[in-house]
Amino acid sequence: MVLLSAISSFFQQLAPIVPPGLVTTIAAAFVGDGKYFSVWKNEFIGTLLMIGFTFSPGKWIGQEALTVAWIAHACGVVASDKIGGGQHVNPAVTLSMYALGKCNYTEAFVRIMGSMAGGLVAFPLFKAFADSMKLTPLGGPEFNPSGDEEGINAGFSEFLAVVLLMIIIYTVNWELNFGKFHYWIKQTLTAIGIRYLIETFPTAGPAINPMLGTTWYIFANGAYPDHLGHYFTYWVSPFLAAIVASCMYVIYAGGTVFGKTLPLGPIKGGGKSTTSESKKKK
């Protein structure tokens, strides 16, 4: 009884500070007997870095100078990717990579869970840091149902932003080659693109990342979102956008979407070859 009482006391103290969903996302790290644990770990760390480096500009850095905040944000995008090992840190990006055959289903699932775990830990962690250092707390994307109960306007904004984000990712990673300085140039261009999308599509925060929209809500409210508009805005729309962008890329460059070929394209390279050698007559 003494042991159970001690365990119960520990649980009562721990439960209120553990974000909803964190245990589930951690459990996903060991899917497949831990085969994808390193993937989960990298997504977790990458997400922590991404939120810390890209949400602090404008709050902790460049509060009085927009240009400084923008430059700091761009540096944060590059630094978090470089230090974090180039992880997806975005479920919509992971879905597109799965659709294009860049990872299997299990890896995609583990990546999404790793990024969700990172978001669930990052916001309270950086809130504690901000409080201890007397800094302005970080903010996050929020869905506002006023005048948009179903999330159609916000969802459309996120849809367009994610399609454009994916086009940027495809282009700078797979279609352009900057030679010796490829990594630094393509990441800088990605950072500039992300900053542009943030300024151009502000309706839903913006998040341009399902993980950010939901983990911020959980941190701010201590519970899962209960409005369907939230899920339409931050999950349904970005996932649809990821699939549409994947189809667009396959039409341009060739390949498959979810293992299926498309009746259009590829545009790159002059299209599919329809000629074949005729059989020699005996």
# chains A, B, ... in the order shown; residues from 1 in each chain; ligands from 1
call {"tool": "residues_around", "arguments": {"residues": "Thr136 (chain A)", "least_positions_apart": "5", "cutoff": "9 Å", "atoms": "only C-alpha atoms", "output": "number ranges by chain"}}
result
A: 59-60, 127, 130-131
call {"tool": "select_by_dssp", "arguments": {"residues": "region 43-149 of chain A", "states": "helix (DSSP H, G or I)", "output": "PyMOL selection string"}}
result
chain A and resi 43-55+66-84+91-99+105-132
call {"tool": "residues_around", "arguments": {"residues": "region 183-189 of chain A", "least_positions_apart": "2", "cutoff": "10 Å", "atoms": "only C-alpha atoms", "output": "PyMOL selection string"}}
result
chain A and resi 74-75+77-79+81-82+86+168-169+171-173+176-181+191-195
call {"tool": "closest_atom_pairs", "arguments": {"of": "region 100-155 of chain A", "to": "region 202-207 of chain A", "cutoff": "10 Å", "atoms": "only C-alpha atoms", "output": "tab-separated table"}}
result
residue	atom	partner	partner_atom	distance
A:Gly139	CA	A:Gly205	CA	9.7
A:Gly140	CA	A:Gly205	CA	7.1
A:Pro141	CA	A:Gly205	CA	3.9
A:Glu142	CA	A:Gly205	CA	5.6
A:Phe143	CA	A:Ala204	CA	5.5
A:Asn144	CA	A:Ala204	CA	7.5
A:Gly151	CA	A:Ala204	CA	9.0
A:Asn153	CA	A:Thr203	CA	7.6
A:Ala154	CA	A:Ala204	CA	5.1
A:Gly155	CA	A:Ala204	CA	7.5
call {"tool": "residues_around", "arguments": {"residues": "region 48-52 of chain A", "least_positions_apart": "4", "cutoff": "7 Å", "atoms": "only C-alpha atoms", "output": "number ranges by chain"}}
result
A: 44, 56, 77, 80, 84, 118-119, 122
call {"tool": "closest_residue", "arguments": {"among": "A:Ile61, A:Val121, A:Ala27, A:Ala241", "to": "Thr215 (chain A)", "atoms": "only C-alpha atoms"}}
result
A:Val121
call {"tool": "residues_around", "arguments": {"residues": "Ala72 (chain A)", "least_positions_apart": "6", "cutoff": "10 Å", "atoms": "only C-alpha atoms", "output": "list in words"}}
result
Phe53, Thr54, Phe55, Ser56, Pro57, Gly58, Ile61, Gly62, Leu66 and Val78 of chain A
call {"tool": "residues_around", "arguments": {"residues": "Ala223 (chain A)", "least_positions_apart": "6", "cutoff": "12 Å", "atoms": "only C-alpha atoms", "output": "ChimeraX atom specification"}}
result
/A:16-22,120,214-217
call {"tool": "residues_around", "arguments": {"residues": "Asn209 (chain A)", "least_positions_apart": "2", "cutoff": "10 Å", "atoms": "only C-alpha atoms", "output": "list in words"}}
result
Val89, Asn90, Pro91, Ala92, Val93, Pro141, Glu158, Ala161, Val162, Pro206, Ala207, Met211, Leu212, Gly213, Thr214, Tyr234, Trp235, Pro238 and Phe239 of chain A
call {"tool": "write_last_selection", "arguments": {"atoms": "N, CA, C and O atoms", "output": "PDB file, in the first residue's frame"}}
result
ATOM      1  N   VAL A  89       9.964  18.089 -39.787  1.00  0.00           N
ATOM      2  CA  VAL A  89       9.348  18.939 -38.745  1.00  0.00           C
ATOM      3  C   VAL A  89       8.007  19.521 -39.191  1.00  0.00           C
ATOM      4  O   VAL A  89       7.606  20.591 -38.734  1.00  0.00           O
ATOM      5  N   ASN A  90       7.311  18.836 -40.067  1.00  0.00           N
ATOM      6  CA  ASN A  90       6.042  19.323 -40.595  1.00  0.00           C
ATOM      7  C   ASN A  90       5.273  18.131 -41.162  1.00  0.00           C
ATOM      8  O   ASN A  90       5.696  17.538 -42.160  1.00  0.00           O
ATOM      9  N   PRO A  91       4.139  17.749 -40.553  1.00  0.00           N
ATOM     10  CA  PRO A  91       3.370  16.599 -41.042  1.00  0.00           C
ATOM     11  C   PRO A  91       2.942  16.702 -42.502  1.00  0.00           C
ATOM     12  O   PRO A  91       2.846  15.678 -43.190  1.00  0.00           O
ATOM     13  N   ALA A  92       2.685  17.921 -42.982  1.00  0.00           N
ATOM     14  CA  ALA A  92       2.290  18.080 -44.378  1.00  0.00           C
ATOM     15  C   ALA A  92       3.459  17.732 -45.308  1.00  0.00           C
ATOM     16  O   ALA A  92       3.269  17.089 -46.352  1.00  0.00           O
ATOM     17  N   VAL A  93       4.659  18.154 -44.932  1.00  0.00           N
ATOM     18  CA  VAL A  93       5.842  17.808 -45.721  1.00  0.00           C
ATOM     19  C   VAL A  93       6.046  16.292 -45.701  1.00  0.00           C
ATOM     20  O   VAL A  93       6.343  15.678 -46.726  1.00  0.00           O
ATOM     21  N   PRO A 141       0.129  30.123 -33.772  1.00  0.00           N
ATOM     22  CA  PRO A 141      -1.010  30.302 -34.678  1.00  0.00           C
ATOM     23  C   PRO A 141      -2.323  29.913 -34.006  1.00  0.00           C
ATOM     24  O   PRO A 141      -2.370  28.937 -33.263  1.00  0.00           O
ATOM     25  N   GLU A 158      -4.305  28.380 -45.609  1.00  0.00           N
ATOM     26  CA  GLU A 158      -3.288  27.376 -45.295  1.00  0.00           C
ATOM     27  C   GLU A 158      -3.024  26.473 -46.497  1.00  0.00           C
ATOM     28  O   GLU A 158      -1.877  26.071 -46.750  1.00  0.00           O
ATOM     29  N   ALA A 161      -0.770  28.328 -48.908  1.00  0.00           N
ATOM     30  CA  ALA A 161       0.568  28.492 -48.340  1.00  0.00           C
ATOM     31  C   ALA A 161       1.351  27.182 -48.387  1.00  0.00           C
ATOM     32  O   ALA A 161       2.549  27.169 -48.703  1.00  0.00           O
ATOM     33  N   VAL A 162       0.686  26.067 -48.082  1.00  0.00           N
ATOM     34  CA  VAL A 162       1.380  24.778 -48.073  1.00  0.00           C
ATOM     35  C   VAL A 162       1.729  24.340 -49.494  1.00  0.00           C
ATOM     36  O   VAL A 162       2.822  23.798 -49.730  1.00  0.00           O
ATOM     37  N   PRO A 206       0.066  32.621 -39.648  1.00  0.00           N
ATOM     38  CA  PRO A 206      -0.275  31.306 -40.201  1.00  0.00           C
ATOM     39  C   PRO A 206       0.530  30.214 -39.515  1.00  0.00           C
ATOM     40  O   PRO A 206       1.497  30.494 -38.809  1.00  0.00           O
ATOM     41  N   ALA A 207       0.137  28.962 -39.749  1.00  0.00           N
ATOM     42  CA  ALA A 207       0.912  27.838 -39.225  1.00  0.00           C
ATOM     43  C   ALA A 207       1.766  27.249 -40.348  1.00  0.00           C
ATOM     44  O   ALA A 207       2.959  27.039 -40.196  1.00  0.00           O
ATOM     45  N   MET A 211       1.369  20.525 -37.213  1.00  0.00           N
ATOM     46  CA  MET A 211       1.911  20.324 -35.869  1.00  0.00           C
ATOM     47  C   MET A 211       1.870  21.613 -35.056  1.00  0.00           C
ATOM     48  O   MET A 211       1.478  21.613 -33.885  1.00  0.00           O
ATOM     49  N   LEU A 212       2.257  22.723 -35.654  1.00  0.00           N
ATOM     50  CA  LEU A 212       2.307  23.995 -34.932  1.00  0.00           C
ATOM     51  C   LEU A 212       0.915  24.442 -34.496  1.00  0.00           C
ATOM     52  O   LEU A 212       0.723  24.891 -33.360  1.00  0.00           O
ATOM     53  N   GLY A 213      -0.064  24.322 -35.400  1.00  0.00           N
ATOM     54  CA  GLY A 213      -1.412  24.762 -35.057  1.00  0.00           C
ATOM     55  C   GLY A 213      -1.983  24.014 -33.873  1.00  0.00           C
ATOM     56  O   GLY A 213      -2.591  24.604 -32.969  1.00  0.00           O
ATOM     57  N   THR A 214      -1.783  22.695 -33.836  1.00  0.00           N
ATOM     58  CA  THR A 214      -2.398  21.873 -32.791  1.00  0.00           C
ATOM     59  C   THR A 214      -1.591  21.873 -31.495  1.00  0.00           C
ATOM     60  O   THR A 214      -2.168  21.959 -30.403  1.00  0.00           O
ATOM     61  N   TYR A 234      -6.020  23.308 -40.011  1.00  0.00           N
ATOM     62  CA  TYR A 234      -4.628  22.937 -39.761  1.00  0.00           C
ATOM     63  C   TYR A 234      -4.253  21.513 -40.163  1.00  0.00           C
ATOM     64  O   TYR A 234      -3.062  21.179 -40.168  1.00  0.00           O
ATOM     65  N   TRP A 235      -5.232  20.674 -40.496  1.00  0.00           N
ATOM     66  CA  TRP A 235      -4.915  19.306 -40.886  1.00  0.00           C
ATOM     67  C   TRP A 235      -5.482  18.937 -42.262  1.00  0.00           C
ATOM     68  O   TRP A 235      -4.732  18.521 -43.138  1.00  0.00           O
ATOM     69  N   PRO A 238      -3.982  21.482 -45.130  1.00  0.00           N
ATOM     70  CA  PRO A 238      -2.565  21.246 -45.452  1.00  0.00           C
ATOM     71  C   PRO A 238      -2.310  19.871 -46.055  1.00  0.00           C
ATOM     72  O   PRO A 238      -1.451  19.728 -46.936  1.00  0.00           O
ATOM     73  N   PHE A 239      -3.044  18.849 -45.587  1.00  0.00           N
ATOM     74  CA  PHE A 239      -2.843  17.516 -46.149  1.00  0.00           C
ATOM     75  C   PHE A 239      -3.324  17.459 -47.597  1.00  0.00           C
ATOM     76  O   PHE A 239      -2.678  16.839 -48.452  1.00  0.00           O
TER      77      PHE A 239
END
call {"tool": "closest_residue", "arguments": {"among": "A:His73, A:Lys102, A:Lys35, A:His227", "to": "Glu149 (chain A)", "atoms": "only C-alpha atoms"}}
result
A:His227
call {"tool": "closest_residue", "arguments": {"among": "A:Leu3, A:Val31, A:Leu164, A:Ala65", "to": "Thr200 (chain A)", "atoms": "only C-alpha atoms"}}
result
A:Leu164
call {"tool": "atom_distance", "arguments": {"atom1": "CA of Ile267 (chain A)", "atom2": "CA of Tyr249 (chain A)"}}
result
9.7 Å
call {"tool": "atom_distance", "arguments": {"atom1": "CA of Gly46 (chain A)", "atom2": "CA of His88 (chain A)"}}
result
8.2 Å
call {"tool": "closest_residue", "arguments": {"among": "A:Gly229, A:Gly114, A:Gly255, A:Pro124", "to": "Ser38 (chain A)", "atoms": "only C-alpha atoms"}}
result
A:Gly114
call {"tool": "closest_residue", "arguments": {"among": "A:Ser132, A:Ile83, A:Ala117, A:Gln63", "to": "Thr24 (chain A)", "atoms": "only C-alpha atoms"}}
result
A:Ala117
call {"tool": "atom_distance", "arguments": {"atom1": "CA of Gln87 (chain A)", "atom2": "CA of Phe109 (chain A)"}}
result
13.6 Å
call {"tool": "closest_residue", "arguments": {"among": "A:Thr233, A:His182, A:Ser246, A:Val110", "to": "Lys260 (chain A)", "atoms": "only C-alpha atoms"}}
result
A:Ser246
